[in-house]
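Q: Have a look at this one.
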Number of protein chains: 2
Amino acid sequence: MIALDRLSLNTATVKRLKLAEAADLCARHGVGGIGLWRDRVQEVGSERAAAIVADAGLHVSSLCRGGFFTPDASQRAEMLDDNRLAIEEAATVGADVLVLVCGGLQPGSRDLPAARDLIAAAITELAPFAQEAGVRLGIEPMHPMFCADRSAITRLRDALDLARQFPVETVGVVVDSYHVWWDGSVLADIADAGDRVASFQVCDWVVPLPADMLLGRGHIGDGSIDFAPLAAAVEATGYQGMVEVEIFNQDIWDAPGDETITTVKSRFATHLG
Amino acid sequence: MIALDRLSLNTATVKRLKLAEAADLCARHGVGGIGLWRDRVQEVGSERAAAIVADAGLHVSSLCRGGFFTPDASQRAEMLDDNRLAIEEAATVGADVLVLVCGGLQPGSRDLPAARDLIAAAITELAPFAQEAGVRLGIEPMHPMFCADRSAITRLRDALDLARQFPVETVGVVVDSYHVWWDGSVLADIADAGDRVASFQVCDWVVPLPADMLLGRGHIGDGSIDFAPLAAAVEATGYQGMVEVEIFNQDIWDAPGDETITTVKSRFATHLG
């Protein structure tokens with residue numbers, strides 16, 4: 001039972017809108033939160049982005065995203081610089097969390113444990129910087145079908161074990177229904193996560209997946225995920241943050257923003273409210 | 001370090017060949033084992049299938065597949081009948097294991113725990129029949145991207161917990177590299193599985209996945225999987241069975257069988273031998 005005033009629209013759901021358009025959309029539809037992607041923030045600059053969302057009366061539930069901690073060694077310094085920039089941007093826009101997509105195997109490598117070590121090492125370097133900036137990092141376990149190329153952190157359990165190496169206010173975990181719903185241990189892992197839950201994102205798993213498997217996400221209620229137990233588990237941790245609807249789906253991107261946000265609100269009320 | 005005489009060719013890898021053609025291919029290339037699919041067995045009948053593989057001097061490492069334990073209630077009796085038939089076929093062809101693809105969500109349902117209960121209930125009904133027939137059932141955890149529609153059993157850990165409800169000689173687990181490689185706990189879970197390992201199947205994870213995600217498998221060495229640690233873990237359990245190469249891939253299906261099996265042997269020697 002999550003009240004509608006905790007709904008946040010992740011701007012990836014309305015990918016074609018510029019930041020001011022997305023903020024206006026949320027404001028007109030009474031959606032109080034917004035999750036930002038860096039491309040739309042950088043388009044206007046983070047100071048201006050902060051002003052746009054503040055003027056619209058919106059709370060920034062996340063900035064997406066930092067991470068990709070497993071490049072070639074030659075690109076590691078650049079990767080860390082970009083993550084420090086993301087942390088600064090998250091501080092400027094006042095995001096509750098900077099979502100981390102941790103990265104898959106290093107180019108040319110098949111060594112998953114090594115990839116996981118690189119991820120831990122990068123977070124170790126970035127955590128003090130984030131702490132100083134007052135930004136919380138959120139490790140997002142991603143669905144195992146992205147293990148090779150996007151995130152070697154696949155289970156909430158693994159994200160949690162990693163997050164616990166750092167102060168709770170600096171590093172948490174992101175619970176995204178799409179990435180964790182299949183895991184028989186996920187409810188227990190959420191309970192165990194407690195105040196490490198830094199973000200709760202929702203969208204549905206729709207079969208069959210489309211040719212581009214990044215885009216196989218649907219409106220809540222259009223797919224296979226039972227949201228009530230996930231939401232109840234997150235609520236039971238004491239999580240007080242917003243619940244972000246983040247959907248990557250070409251048909252939804254092609255739809256008018258007003259239509260999309262209307263559906264988002266209605267489905268949220270039905271399946272999570 | 002697995003000797004080439006433990007290589008088995010799963011007939012799905014040469015999907016276009018009839019059983020006699022696949023058996024001849026193995027015999028000509030000195031591959032001593034074959035994993036059978038039921039369609040090709042039923043095409044000639046299981047008695048004749050047994051004779052074909054025996055005449056070719058082949059060991060039958062598996063029959064694929066039983067399972068799909070989560071149909072509509074109205075089709076449950078038919079499903080159990082078909083599984084009993086599969087067990088009889090496995091006994092007739094002398095397969096080391098009948099591989100179980102357990103089934104996803106029931107049609108119209110989002111209740112994963114209920115699906116898992118149905119799977120356990122079906123195996124409970126079938127296990128005595130299998131035991132009497134001298135057939136070992138192998139629970140195959142499938143990659144979580146198949147959770148909704150093919151297998152609610154996604155992790156080796158979960159397959160193992162389920163198998164342990166039954167006698168070890170009757171129910172084991174199938175370790176398929178494609179389905180388990182991403183799991184940070186898989187090496188520990190294999191070690192824990194011990195003599196529950198009923199089959200070891202191998203193929204590679206190739207990115208990007210093709211439009212039909214069932215076909216995103218590659219020859220060993222063409223993808224992201226590090227086979228040596230998996231093979232070492234399976235060997236350390238004392239597993240003495242064959243190692244099956246099972247690849248679903250349209251390009252490989254379109255290639256001549258002699259070319260495919262030559263590549264299979266060479267890659268096996270390089271990455272597992």
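FYI, nothing fancy with the structure tokens labels: chains A, B, ... in order, residues from 1 per chain, ligands from 1 as they appear.
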Near chain A, meaning an atom within 7 Å, which residues of chain B appear when counting only C-alpha atoms? Write them as number ranges by chain.

A: B: 110-111, 144-145, 147-148, 182, 210-211, 224-226

Q: I'd like the contact shell of stretch 49-65 of chain B - 7 Å cut-off, only C-alpha atoms, skipping same-chain residues fewer than 2 positions apart - returned as a PyMOL selection string.

A: chain B and resi 8+20+23-24+27+32-38+41+44-47+67+90+92-101+242

Q: Take the residues that were just selected and, keeping N, CA and C atoms, output them as a compact mmCIF listing (two decimals), in the first residue's frame.

A:
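Output (out_29.txt):
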```txt
# COMPACT_ATOMS: atom_id res chain seq x y z
N SER B 8 29.97 -35.78 -25.20
CA SER B 8 28.72 -36.25 -25.78
C SER B 8 28.11 -35.13 -26.61
N ALA B 20 19.37 -41.40 -36.77
CA ALA B 20 20.38 -42.29 -37.38
C ALA B 20 21.54 -41.47 -37.96
N ALA B 23 23.65 -40.22 -35.01
CA ALA B 23 24.42 -41.33 -34.43
C ALA B 23 25.61 -41.67 -35.34
N ASP B 24 25.35 -41.68 -36.63
CA ASP B 24 26.42 -41.96 -37.59
C ASP B 24 27.51 -40.88 -37.52
N ALA B 27 29.63 -41.50 -34.48
CA ALA B 27 30.48 -42.68 -34.65
C ALA B 27 31.65 -42.37 -35.58
N GLY B 32 31.85 -40.50 -28.35
CA GLY B 32 31.28 -41.71 -27.76
C GLY B 32 29.92 -41.57 -27.12
N GLY B 33 29.45 -40.33 -26.97
CA GLY B 33 28.17 -40.13 -26.28
C GLY B 33 27.22 -39.30 -27.10
N ILE B 34 25.95 -39.49 -26.82
CA ILE B 34 24.92 -38.72 -27.51
C ILE B 34 23.81 -38.37 -26.53
N GLY B 35 23.34 -37.13 -26.61
CA GLY B 35 22.18 -36.71 -25.82
C GLY B 35 21.00 -36.60 -26.76
N LEU B 36 19.91 -37.25 -26.41
CA LEU B 36 18.79 -37.37 -27.35
C LEU B 36 17.65 -36.42 -27.00
N TRP B 37 16.97 -35.94 -28.03
CA TRP B 37 15.72 -35.21 -27.84
C TRP B 37 14.56 -36.11 -28.21
N ARG B 38 13.48 -35.91 -27.51
CA ARG B 38 12.35 -36.84 -27.64
C ARG B 38 11.73 -36.84 -29.03
N VAL B 41 13.60 -39.24 -31.08
CA VAL B 41 13.39 -40.60 -30.57
C VAL B 41 12.01 -41.11 -30.99
N VAL B 44 11.22 -42.53 -34.57
CA VAL B 44 11.50 -43.93 -34.92
C VAL B 44 10.98 -44.89 -33.86
N GLY B 45 10.56 -44.36 -32.72
CA GLY B 45 10.14 -45.20 -31.60
C GLY B 45 11.34 -45.47 -30.71
N SER B 46 11.09 -45.61 -29.41
CA SER B 46 12.23 -45.66 -28.49
C SER B 46 13.01 -46.97 -28.57
N GLU B 47 12.34 -48.08 -28.94
CA GLU B 47 13.06 -49.34 -29.08
C GLU B 47 14.06 -49.24 -30.24
N GLY B 67 9.13 -32.45 -17.98
CA GLY B 67 8.90 -31.21 -17.26
C GLY B 67 7.66 -30.47 -17.68
N ALA B 90 13.17 -42.82 -21.55
CA ALA B 90 14.53 -42.70 -21.01
C ALA B 90 15.06 -44.07 -20.57
N THR B 92 14.13 -46.96 -21.84
CA THR B 92 14.34 -47.79 -23.04
C THR B 92 15.64 -47.44 -23.75
N VAL B 93 15.92 -46.16 -23.86
CA VAL B 93 17.16 -45.77 -24.56
C VAL B 93 18.37 -45.80 -23.62
N GLY B 94 18.13 -46.06 -22.33
CA GLY B 94 19.24 -46.17 -21.38
C GLY B 94 19.92 -44.85 -21.09
N ALA B 95 19.14 -43.78 -21.03
CA ALA B 95 19.73 -42.45 -20.77
C ALA B 95 20.20 -42.33 -19.32
N ASP B 96 21.34 -41.68 -19.14
CA ASP B 96 21.85 -41.43 -17.78
C ASP B 96 20.87 -40.58 -16.97
N VAL B 97 20.15 -39.71 -17.67
CA VAL B 97 19.27 -38.78 -16.95
C VAL B 97 18.16 -38.32 -17.89
N LEU B 98 17.00 -38.09 -17.32
CA LEU B 98 15.93 -37.40 -18.05
C LEU B 98 15.96 -35.94 -17.60
N VAL B 99 16.31 -35.05 -18.50
CA VAL B 99 16.42 -33.63 -18.15
C VAL B 99 15.02 -33.03 -17.99
N LEU B 100 14.83 -32.29 -16.90
CA LEU B 100 13.54 -31.65 -16.62
C LEU B 100 13.63 -30.14 -16.80
N VAL B 101 12.86 -29.63 -17.73
CA VAL B 101 12.64 -28.18 -17.84
C VAL B 101 11.32 -27.93 -17.12
N MET B 242 29.27 -38.02 -18.71
CA MET B 242 29.73 -37.36 -19.92
C MET B 242 29.45 -35.86 -19.82
```

Q: Just the residues within 9 Å of A:Val31, please, counting only C-alpha atoms, with nothing from its chain fewer than 6 positions along; format it as JSON, numbers by chain.

A: {"A": [4, 5, 6, 7, 8, 9, 25, 58, 261, 265]}

Q: So, with only C-alpha atoms as the atoms that count, which of B:Thr124, B:Gly273, B:Phe68, B:Asp258 lies closest to B:Gly30?

A: B:Asp258

Q: Figure out the distance between atom CA of A:Leu162 and atom CA of A:Thr237, please, to one decimal in Å.

A: 18.6 Å

Q: Under the rule that only C-alpha atoms are counted, which of A:Glu43, A:Asp222, A:Asp251, A:Asp195 is the nearest residue to A:Glu235?

A: A:Asp195
